[in-house]
Amino acid sequence: MNADIFALDIGTRKVMGLIARQVDGRLEIVDVETVEHPSRPMYDGMIHNIDEVVSIVKQIKNALESRINKKLDKVGVAVAGRNLVTFVSKAEKDLMSEQEITASIIRDLELEAVDKISAQSHQKLSNLHCVGYSPVYYELDGTRVLNLMGHKGRKAGLEVIVTFLPRMVLESMFTVLERAGLELINITLEPIAAINAIVPEDMRHLNLLLVDVGAGTSDLAITKDSLVFAYGMVPEAGDEISEAICQALLTDFSTAERIKRSLEALEEIEYEDIWGKKHSTTASRVKETLLPRVESLAANIAKRARELNPDAPLHAVIGVGGGSLTYRLMPQLASSLNLDNNRVGIRLPKAVKNIQDKTGKLTGPESVTPLGIAMMTARAKGLKFIELTVNNKKIRMLDFYQKKDILGALILSGIDNKKLHARPGMALTVKVNGELRMIRGTLGEGAKVALNGEPVSSLSNKITRGDSITFEEAVDGVDAHAAIRDVVKQVSLDVILNGEALKIDPPVLMNEQEVSLDALVADRAVIQALESLKIRDLLKYKGVDLDILQEKQLIFAVNDAPQAMTARNFSLTLNGETADLNRTVRQDDVVEFALCRMVLYRVKDVADIPPTCGKISVSVDGEQVNINIEPVQIFMNGRRVGPDDFLVDGADIKIYYVKQPHALLSEIFRYIQIDPQRGRGKAIKILVDDMPAGFTTPLKDGSRVKILFEERT
């Protein structure tokens with residue numbers, strides 16, 4: 001007994017279920033059940049309310065089961081082309097000599113071409129599901145043929161047009177079928193089903209446009225040169241016309257649907273508006289109101305058809321689907337495509353070959369697509385999915401026979417291919433004392449994959465329906481890291497500081513900056529381990545606060561000869577010799593250091609000043625005065641100073657040496673005192689050896705000085 005074939009056409013406005021059987025090369029339709037949605041659970045061919053659609057599918061399934069007295073658990077379906085994406089793919093296969101090409105070989109070659117599209121990561125198909133394909137042409141040894149079946153040759157090839165829809169569209173369909181207790185065994189695209197039913201291969205040499213006008217979408221398929229070469233979709237259909245009635249007559253959607261369907265049968269239309277008021281109008285008036293919207297729908301279908309078929313004029317347009325009966329749609333479509341009206345028309349189920357409808361219910365164009373679904377399910381011409389779980393998440397993948405493997409399931413479940421393989425940690429490259437070194441990161445740990453609880457060694461292992469895959473993503477290797485002490489070999493220095501024997505490591509420079517041995521090595525760093533250190537490094541090691549050490553350089557000139565001296569608040573020697581903080585310390589050096597008061601320098605510390613050379617004796621108003629005679633006269637920055645004056649930075653020191661012993665008159669005032677009362681109100685007059693004199697008059701040994709006070713005139 002032939003197995004029953006259950007086909008479902010889940011449309012935007014209604015759901016139709018068919019029971020068919022293959023008998024003597026033809027398909028017999030033994031039962032049909034159609035149920036309209038009581039509300040609007042679907043828009044533009046896409047399921048929005050899953051529970052409502054599940055309820056309708058169960059209602060149809062139960063009705064059919066009760067009449068045929070069999071349980072229905074497997075089903076074939078089709079989906080509308082909402083957001084349809086298409087690709088073209090080719091595949092070739094080398095044949096063994098005398099090997100006859102079978103249906104299995106052709107099927108595998110077709111699926112290989114489909115799989116090529118899915119395998120191309122650059123196509124960004126992670127959010128899409130393949131829903132169908134059509135062969136564009138077949139080749140045998142480079143020559144195109146209509147059918148490969150039964151031929152022999154060296155190489156078979158083909159090109160297919162592959163259609164994809166958003167994953168969410170199919171996932172909602174899968175959910176509906178699963179909740180209704182049905183296993184999906186075949187799925188295709190609605191225009192693929194329709195064209196397989198209504199446009200036989202011997203008509204496809206014509207450039208034909210098939211338009212499947214449903215409630216939510218208008219799906220397109222185009223033939224030429226015996227091929228189906230393009231599919232497309234317009235997101236408008238019969239619902240747009242119903243919504244136009246809603247707006248024109250202020251009715252709810254269900255009333256608008258009833259009015260739309262009765263336009264050809266009734267002259268007078270009666271209805272209630274949204275306030276419950278009863279109205280009556282004529283069918284002709286409603287038709288006139290709808291015409292602009294019909295023209296718009298026809299224009300959009302024509303525009304999409306021209307985009308898909310830009311090179312050749314269409315020979316004819318075939319309309320199917322309940323929406324094709326829309327008032328004036330076919331004539332408007334002819335006008336939009338510049339075709340005669342007799343080249344645009346509706347094709348009915350009676351035109352489908354090798355079909356026997358025992359129910360007598362499949363009469364309208366809305367039955368063409370369900371018939372196509374049944375035919376493709378019977379011939380297994382659509383696509384099949386298998387169910388399995390990845391980390392307890394249920395997924396469905398296309399049944400590509402030999403192509404089903406763990407890798408494909410993991411990628412389909414959304415696992416990034418990068419998480420399958422561990423990335424080795426990045427290495428560090430450094431140069432240490434002129435030698436190039438590489439520090440490697442860890443290799444990481446590969447992904448852990450188990451199939452039905454057993455670890456697998458290869459991601460190409462085959463999978464079957466119901467398998468369970470668990471996956472732990474790969475752990476990337478750790479990037480290389482190292483401290484300075486890990487890459488340099490330090491040689492400690494033995495040094496004595498203030499009598500204490502010390503063992504100290506010379507400093508290490510990384511990119512010319514001193515770093516500690518615990519510092520992390522930077523990639524491409526240049527590291528230099530010094531063999532010596534400076535005194536400042538030694539003091540810092542012993543905890544001396546270098547910030548309190550003051551060291552000032554004094555620059556000056558003595559009789560135009562530049563000199564320099566250092567003033568500081570500490571004493572420092574290296575191996576017994578005065579040293580500065582930047583002197584280099586080497587093995588077994590002895591350093592003495594102590595804090596002290598800041599050393600200040602006097603003029604006599606930098607100038608060569610001879611000792612006092614003698615005295616001269618002079619009389620001042622009859623009294624003998626002994627005057628010390630200095631051997632030099634010192635000027636600092638133009639001002640006369642003594643040997644004990646402090647040296648200032650930037651000083652210009654001039655030293656004049658006395659050739660003959662003498663003194664200036666002004667010097668006597670360092671040795672005598674004058675009663676200020678004597679000179680009050682009087683003018684002073686000084687005589688040297690009875691001659692008028694001034695403060696700069698020179699005195700010599702025996703000179704006589706008189707100081708006179710005279711009345712002012």
# chains A, B, ... in the order shown; residues from 1 in each chain; ligands from 1
>>> residues_around(residues="A:Ile195", least_positions_apart="3", cutoff="10 Å", atoms="only C-alpha atoms", output="compact mmCIF listing (two decimals) with N, CA, C and O atoms, in the first residue's frame")
# COMPACT_ATOMS: atom_id res chain seq x y z
N GLU A 190 7.79 28.63 -1.81
CA GLU A 190 6.49 28.61 -2.46
C GLU A 190 6.57 28.80 -3.98
O GLU A 190 5.92 28.05 -4.73
N PRO A 191 7.34 29.75 -4.49
CA PRO A 191 7.40 29.87 -5.96
C PRO A 191 8.07 28.66 -6.62
O PRO A 191 7.76 28.32 -7.77
N ILE A 192 8.99 27.98 -5.90
CA ILE A 192 9.59 26.76 -6.44
C ILE A 192 8.52 25.68 -6.56
O ILE A 192 8.41 24.97 -7.57
N ILE A 198 2.93 24.01 -12.03
CA ILE A 198 2.12 24.62 -13.08
C ILE A 198 2.88 24.91 -14.36
O ILE A 198 2.28 25.14 -15.42
N VAL A 199 4.22 24.96 -14.31
CA VAL A 199 5.02 25.25 -15.51
C VAL A 199 5.92 24.05 -15.79
O VAL A 199 7.03 23.96 -15.26
N PRO A 200 5.47 23.11 -16.58
CA PRO A 200 6.28 21.91 -16.87
C PRO A 200 7.54 22.28 -17.65
O PRO A 200 7.65 23.38 -18.22
N GLU A 201 8.49 21.35 -17.68
CA GLU A 201 9.78 21.63 -18.31
C GLU A 201 9.64 21.97 -19.78
O GLU A 201 10.43 22.76 -20.32
N ARG A 204 9.35 25.72 -20.31
CA ARG A 204 10.34 26.63 -19.72
C ARG A 204 11.32 27.20 -20.73
O ARG A 204 12.19 27.99 -20.36
N LEU A 209 6.98 34.57 -16.64
CA LEU A 209 6.97 35.07 -15.26
C LEU A 209 5.82 34.39 -14.53
O LEU A 209 4.66 34.53 -14.91
N LEU A 210 6.17 33.63 -13.48
CA LEU A 210 5.15 33.06 -12.61
C LEU A 210 5.00 33.99 -11.40
O LEU A 210 6.00 34.31 -10.74
N VAL A 211 3.77 34.41 -11.12
CA VAL A 211 3.51 35.26 -9.95
C VAL A 211 2.53 34.52 -9.05
O VAL A 211 1.38 34.28 -9.43
N ASP A 212 3.01 34.14 -7.86
CA ASP A 212 2.17 33.49 -6.86
C ASP A 212 1.72 34.58 -5.89
O ASP A 212 2.46 34.97 -4.98
N LEU A 220 7.81 35.48 -7.02
CA LEU A 220 8.07 35.45 -8.45
C LEU A 220 9.07 34.34 -8.79
O LEU A 220 10.00 34.07 -8.02
N ALA A 221 8.88 33.74 -9.95
CA ALA A 221 9.85 32.82 -10.54
C ALA A 221 9.84 33.05 -12.04
O ALA A 221 8.79 33.30 -12.63
N ILE A 222 11.04 32.99 -12.67
CA ILE A 222 11.14 33.31 -14.10
C ILE A 222 11.87 32.20 -14.82
O ILE A 222 12.89 31.69 -14.34
N THR A 223 11.34 31.79 -15.98
CA THR A 223 11.97 30.75 -16.81
C THR A 223 12.47 31.35 -18.11
O THR A 223 11.99 32.39 -18.57
N VAL A 228 14.75 27.52 -14.95
CA VAL A 228 14.25 28.49 -13.98
C VAL A 228 15.49 29.24 -13.48
O VAL A 228 16.35 28.66 -12.82
N ILE A 318 2.09 34.13 -15.80
CA ILE A 318 1.15 33.14 -15.26
C ILE A 318 0.87 33.50 -13.81
O ILE A 318 1.80 33.58 -12.99
N VAL A 320 -0.90 32.61 -10.17
CA VAL A 320 -1.47 31.58 -9.29
C VAL A 320 -1.64 32.21 -7.92
O VAL A 320 -1.21 33.33 -7.65
N VAL A 368 -2.74 25.73 -6.44
CA VAL A 368 -1.57 25.35 -7.24
C VAL A 368 -0.36 25.12 -6.35
O VAL A 368 0.35 24.10 -6.47
N THR A 369 -0.09 26.05 -5.44
CA THR A 369 1.09 25.91 -4.58
C THR A 369 0.98 24.69 -3.68
O THR A 369 1.95 23.92 -3.56
N GLY A 372 1.92 21.77 -5.66
CA GLY A 372 3.36 21.74 -5.89
C GLY A 372 4.11 21.21 -4.68
O GLY A 372 5.09 20.46 -4.81
>>> residues_around(residues="A:Ile241", least_positions_apart="3", cutoff="7 Å", atoms="only C-alpha atoms", output="number ranges by chain")
A: 238, 244-245, 290, 293-294
>>> write_last_selection(atoms="N, CA and C atoms", output="short mmCIF file (atom, residue, chain, number, x, y, z; two decimals), in the first residue's frame")
data_model
loop_
_atom_site.label_atom_id
_atom_site.label_comp_id
_atom_site.auth_asym_id
_atom_site.auth_seq_id
_atom_site.Cartn_x
_atom_site.Cartn_y
_atom_site.Cartn_z
N GLY A 238 -2.60 40.31 -1.51
CA GLY A 238 -4.03 40.51 -1.30
C GLY A 238 -4.37 41.30 -0.06
N ALA A 244 -7.06 48.35 1.96
CA ALA A 244 -7.62 49.51 1.25
C ALA A 244 -9.13 49.58 1.46
N ILE A 245 -9.80 48.43 1.49
CA ILE A 245 -11.25 48.40 1.77
C ILE A 245 -11.51 48.86 3.20
N LEU A 290 -10.73 50.70 -5.13
CA LEU A 290 -9.56 49.83 -5.01
C LEU A 290 -8.57 49.98 -6.14
N ARG A 293 -4.88 51.14 -5.60
CA ARG A 293 -4.05 50.18 -4.86
C ARG A 293 -3.70 48.98 -5.72
N VAL A 294 -4.62 48.54 -6.55
CA VAL A 294 -4.33 47.43 -7.47
C VAL A 294 -3.25 47.84 -8.46
#
>>> closest_residue(among="A:Pro41, A:Ala302, A:Met149, A:Cys596", to="A:Phe570", atoms="only C-alpha atoms")
A:Cys596
>>> closest_residue(among="A:Lys350, A:Arg13, A:Arg285, A:His315", to="A:Leu371", atoms="only C-alpha atoms")
A:Lys350
>>> atom_distance(atom1="atom CA of A:His481", atom2="atom CA of A:Arg524")
12.3 Å
>>> select_by_dssp(residues="stretch 266-438 of chain A", states="strand (DSSP E or B)", output="ChimeraX atom specification")
/A:268-272,278-282,316-320,344-346,355-357,383,385-390,393-398,405,428-432,435-438
>>> residues_around(residues="stretch 139-141 of chain A", least_positions_apart="2", cutoff="8 Å", atoms="only C-alpha atoms", output="number ranges by chain")
A: 137, 143-145, 148, 153-158
>>> atom_distance(atom1="atom CA of A:Ala594", atom2="atom CA of A:Leu572")
6.8 Å
>>> closest_residue(among="A:Ser172, A:Gln332, A:Thr326, A:Thr389", to="A:Asn300", atoms="only C-alpha atoms")
A:Gln332
>>> residues_around(residues="A:Arg396", least_positions_apart="4", cutoff="12 Å", atoms="only C-alpha atoms", output="PyMOL selection string")
chain A and resi 129-130+167+170-171+173-175+178+183-185+383-390+404+408-414+464-467
>>> residues_around(residues="A:Leu128", least_positions_apart="6", cutoff="6 Å", atoms="only C-alpha atoms", output="ChimeraX atom specification")
/A:164-167
>>> closest_residue(among="A:Ala265, A:Leu182, A:Val591, A:Val352", to="A:Pro370", atoms="only C-alpha atoms")
A:Val352
>>> residues_around(residues="stretch 688-699 of chain A", least_positions_apart="5", cutoff="9 Å", atoms="only C-alpha atoms", output="list in words")
Ile616, Val618, His662, Ala663, Leu664, Leu665, Ser666, Glu667, Arg704, Val705 and Lys706 of chain A
>>> residues_around(residues="A:Leu8", least_positions_apart="5", cutoff="6 Å", atoms="only C-alpha atoms", output="ChimeraX atom specification")
/A:16-17,77
>>> decode(residues="stretch 290-301 of chain A", atoms="all heavy atoms", output="PDB file, in the first residue's frame")
ATOM      1  N   LEU A 290     -10.734  50.696  -5.132  1.00  0.00           N
ATOM      2  CA  LEU A 290      -9.563  49.826  -5.012  1.00  0.00           C
ATOM      3  C   LEU A 290      -8.569  49.981  -6.145  1.00  0.00           C
ATOM      4  O   LEU A 290      -7.408  49.564  -6.026  1.00  0.00           O
ATOM      5  CB  LEU A 290     -10.010  48.359  -4.954  1.00  0.00           C
ATOM      6  CG  LEU A 290     -10.855  47.940  -3.754  1.00  0.00           C
ATOM      7  CD1 LEU A 290     -11.195  46.461  -3.863  1.00  0.00           C
ATOM      8  CD2 LEU A 290     -10.100  48.214  -2.461  1.00  0.00           C
ATOM      9  N   LEU A 291      -8.984  50.519  -7.261  1.00  0.00           N
ATOM     10  CA  LEU A 291      -8.150  50.523  -8.459  1.00  0.00           C
ATOM     11  C   LEU A 291      -6.755  51.124  -8.237  1.00  0.00           C
ATOM     12  O   LEU A 291      -5.757  50.542  -8.695  1.00  0.00           O
ATOM     13  CB  LEU A 291      -8.877  51.243  -9.601  1.00  0.00           C
ATOM     14  CG  LEU A 291      -8.297  51.010 -11.005  1.00  0.00           C
ATOM     15  CD1 LEU A 291      -8.215  49.520 -11.307  1.00  0.00           C
ATOM     16  CD2 LEU A 291      -9.137  51.729 -12.049  1.00  0.00           C
ATOM     17  N   PRO A 292      -6.602  52.284  -7.548  1.00  0.00           N
ATOM     18  CA  PRO A 292      -5.241  52.817  -7.345  1.00  0.00           C
ATOM     19  C   PRO A 292      -4.325  51.842  -6.601  1.00  0.00           C
ATOM     20  O   PRO A 292      -3.143  51.711  -6.933  1.00  0.00           O
ATOM     21  CB  PRO A 292      -5.478  54.093  -6.536  1.00  0.00           C
ATOM     22  CG  PRO A 292      -6.881  54.496  -6.865  1.00  0.00           C
ATOM     23  CD  PRO A 292      -7.627  53.214  -7.030  1.00  0.00           C
ATOM     24  N   ARG A 293      -4.885  51.137  -5.603  1.00  0.00           N
ATOM     25  CA  ARG A 293      -4.054  50.185  -4.860  1.00  0.00           C
ATOM     26  C   ARG A 293      -3.696  48.975  -5.720  1.00  0.00           C
ATOM     27  O   ARG A 293      -2.577  48.450  -5.631  1.00  0.00           O
ATOM     28  CB  ARG A 293      -4.793  49.750  -3.593  1.00  0.00           C
ATOM     29  CG  ARG A 293      -3.937  48.937  -2.630  1.00  0.00           C
ATOM     30  CD  ARG A 293      -2.755  49.758  -2.073  1.00  0.00           C
ATOM     31  NE  ARG A 293      -3.197  50.862  -1.273  1.00  0.00           N
ATOM     32  CZ  ARG A 293      -3.374  50.815   0.060  1.00  0.00           C
ATOM     33  NH1 ARG A 293      -3.158  49.682   0.698  1.00  0.00           N
ATOM     34  NH2 ARG A 293      -3.745  51.882   0.723  1.00  0.00           N
ATOM     35  N   VAL A 294      -4.617  48.538  -6.552  1.00  0.00           N
ATOM     36  CA  VAL A 294      -4.331  47.434  -7.467  1.00  0.00           C
ATOM     37  C   VAL A 294      -3.254  47.841  -8.463  1.00  0.00           C
ATOM     38  O   VAL A 294      -2.332  47.065  -8.772  1.00  0.00           O
ATOM     39  CB  VAL A 294      -5.616  46.986  -8.199  1.00  0.00           C
ATOM     40  CG1 VAL A 294      -5.287  45.926  -9.260  1.00  0.00           C
ATOM     41  CG2 VAL A 294      -6.638  46.441  -7.209  1.00  0.00           C
ATOM     42  N   GLU A 295      -3.360  49.046  -8.988  1.00  0.00           N
ATOM     43  CA  GLU A 295      -2.353  49.544  -9.932  1.00  0.00           C
ATOM     44  C   GLU A 295      -0.976  49.587  -9.267  1.00  0.00           C
ATOM     45  O   GLU A 295       0.040  49.251  -9.885  1.00  0.00           O
ATOM     46  CB  GLU A 295      -2.755  50.934 -10.430  1.00  0.00           C
ATOM     47  CG  GLU A 295      -3.982  50.935 -11.341  1.00  0.00           C
ATOM     48  CD  GLU A 295      -4.422  52.344 -11.695  1.00  0.00           C
ATOM     49  OE1 GLU A 295      -3.906  53.309 -11.076  1.00  0.00           O
ATOM     50  OE2 GLU A 295      -5.281  52.493 -12.587  1.00  0.00           O
ATOM     51  N   SER A 296      -0.940  50.022  -8.009  1.00  0.00           N
ATOM     52  CA  SER A 296       0.334  50.088  -7.289  1.00  0.00           C
ATOM     53  C   SER A 296       0.937  48.700  -7.107  1.00  0.00           C
ATOM     54  O   SER A 296       2.144  48.498  -7.302  1.00  0.00           O
ATOM     55  CB  SER A 296       0.119  50.753  -5.929  1.00  0.00           C
ATOM     56  OG  SER A 296       1.298  50.714  -5.162  1.00  0.00           O
ATOM     57  N   LEU A 297       0.104  47.704  -6.718  1.00  0.00           N
ATOM     58  CA  LEU A 297       0.597  46.339  -6.555  1.00  0.00           C
ATOM     59  C   LEU A 297       1.130  45.800  -7.879  1.00  0.00           C
ATOM     60  O   LEU A 297       2.220  45.207  -7.934  1.00  0.00           O
ATOM     61  CB  LEU A 297      -0.531  45.450  -6.025  1.00  0.00           C
ATOM     62  CG  LEU A 297      -0.230  43.955  -5.921  1.00  0.00           C
ATOM     63  CD1 LEU A 297       0.961  43.702  -5.021  1.00  0.00           C
ATOM     64  CD2 LEU A 297      -1.463  43.198  -5.427  1.00  0.00           C
ATOM     65  N   ALA A 298       0.403  46.013  -8.969  1.00  0.00           N
ATOM     66  CA  ALA A 298       0.850  45.537 -10.285  1.00  0.00           C
ATOM     67  C   ALA A 298       2.157  46.205 -10.692  1.00  0.00           C
ATOM     68  O   ALA A 298       3.064  45.554 -11.235  1.00  0.00           O
ATOM     69  CB  ALA A 298      -0.237  45.801 -11.324  1.00  0.00           C
ATOM     70  N   ALA A 299       2.269  47.491 -10.426  1.00  0.00           N
ATOM     71  CA  ALA A 299       3.486  48.228 -10.794  1.00  0.00           C
ATOM     72  C   ALA A 299       4.691  47.698 -10.020  1.00  0.00           C
ATOM     73  O   ALA A 299       5.790  47.560 -10.573  1.00  0.00           O
ATOM     74  CB  ALA A 299       3.293  49.720 -10.543  1.00  0.00           C
ATOM     75  N   ASN A 300       4.517  47.383  -8.728  1.00  0.00           N
ATOM     76  CA  ASN A 300       5.633  46.883  -7.920  1.00  0.00           C
ATOM     77  C   ASN A 300       6.045  45.476  -8.351  1.00  0.00           C
ATOM     78  O   ASN A 300       7.236  45.145  -8.354  1.00  0.00           O
ATOM     79  CB  ASN A 300       5.253  46.894  -6.438  1.00  0.00           C
ATOM     80  CG  ASN A 300       5.165  48.310  -5.887  1.00  0.00           C
ATOM     81  OD1 ASN A 300       5.830  49.218  -6.383  1.00  0.00           O
ATOM     82  ND2 ASN A 300       4.346  48.504  -4.869  1.00  0.00           N
ATOM     83  N   ILE A 301       5.063  44.646  -8.717  1.00  0.00           N
ATOM     84  CA  ILE A 301       5.402  43.317  -9.230  1.00  0.00           C
ATOM     85  C   ILE A 301       6.171  43.442 -10.546  1.00  0.00           C
ATOM     86  O   ILE A 301       7.174  42.760 -10.770  1.00  0.00           O
ATOM     87  CB  ILE A 301       4.127  42.472  -9.409  1.00  0.00           C
ATOM     88  CG1 ILE A 301       3.486  42.169  -8.048  1.00  0.00           C
ATOM     89  CG2 ILE A 301       4.444  41.164 -10.141  1.00  0.00           C
ATOM     90  CD1 ILE A 301       2.134  41.484  -8.151  1.00  0.00           C
TER      91      ILE A 301
END
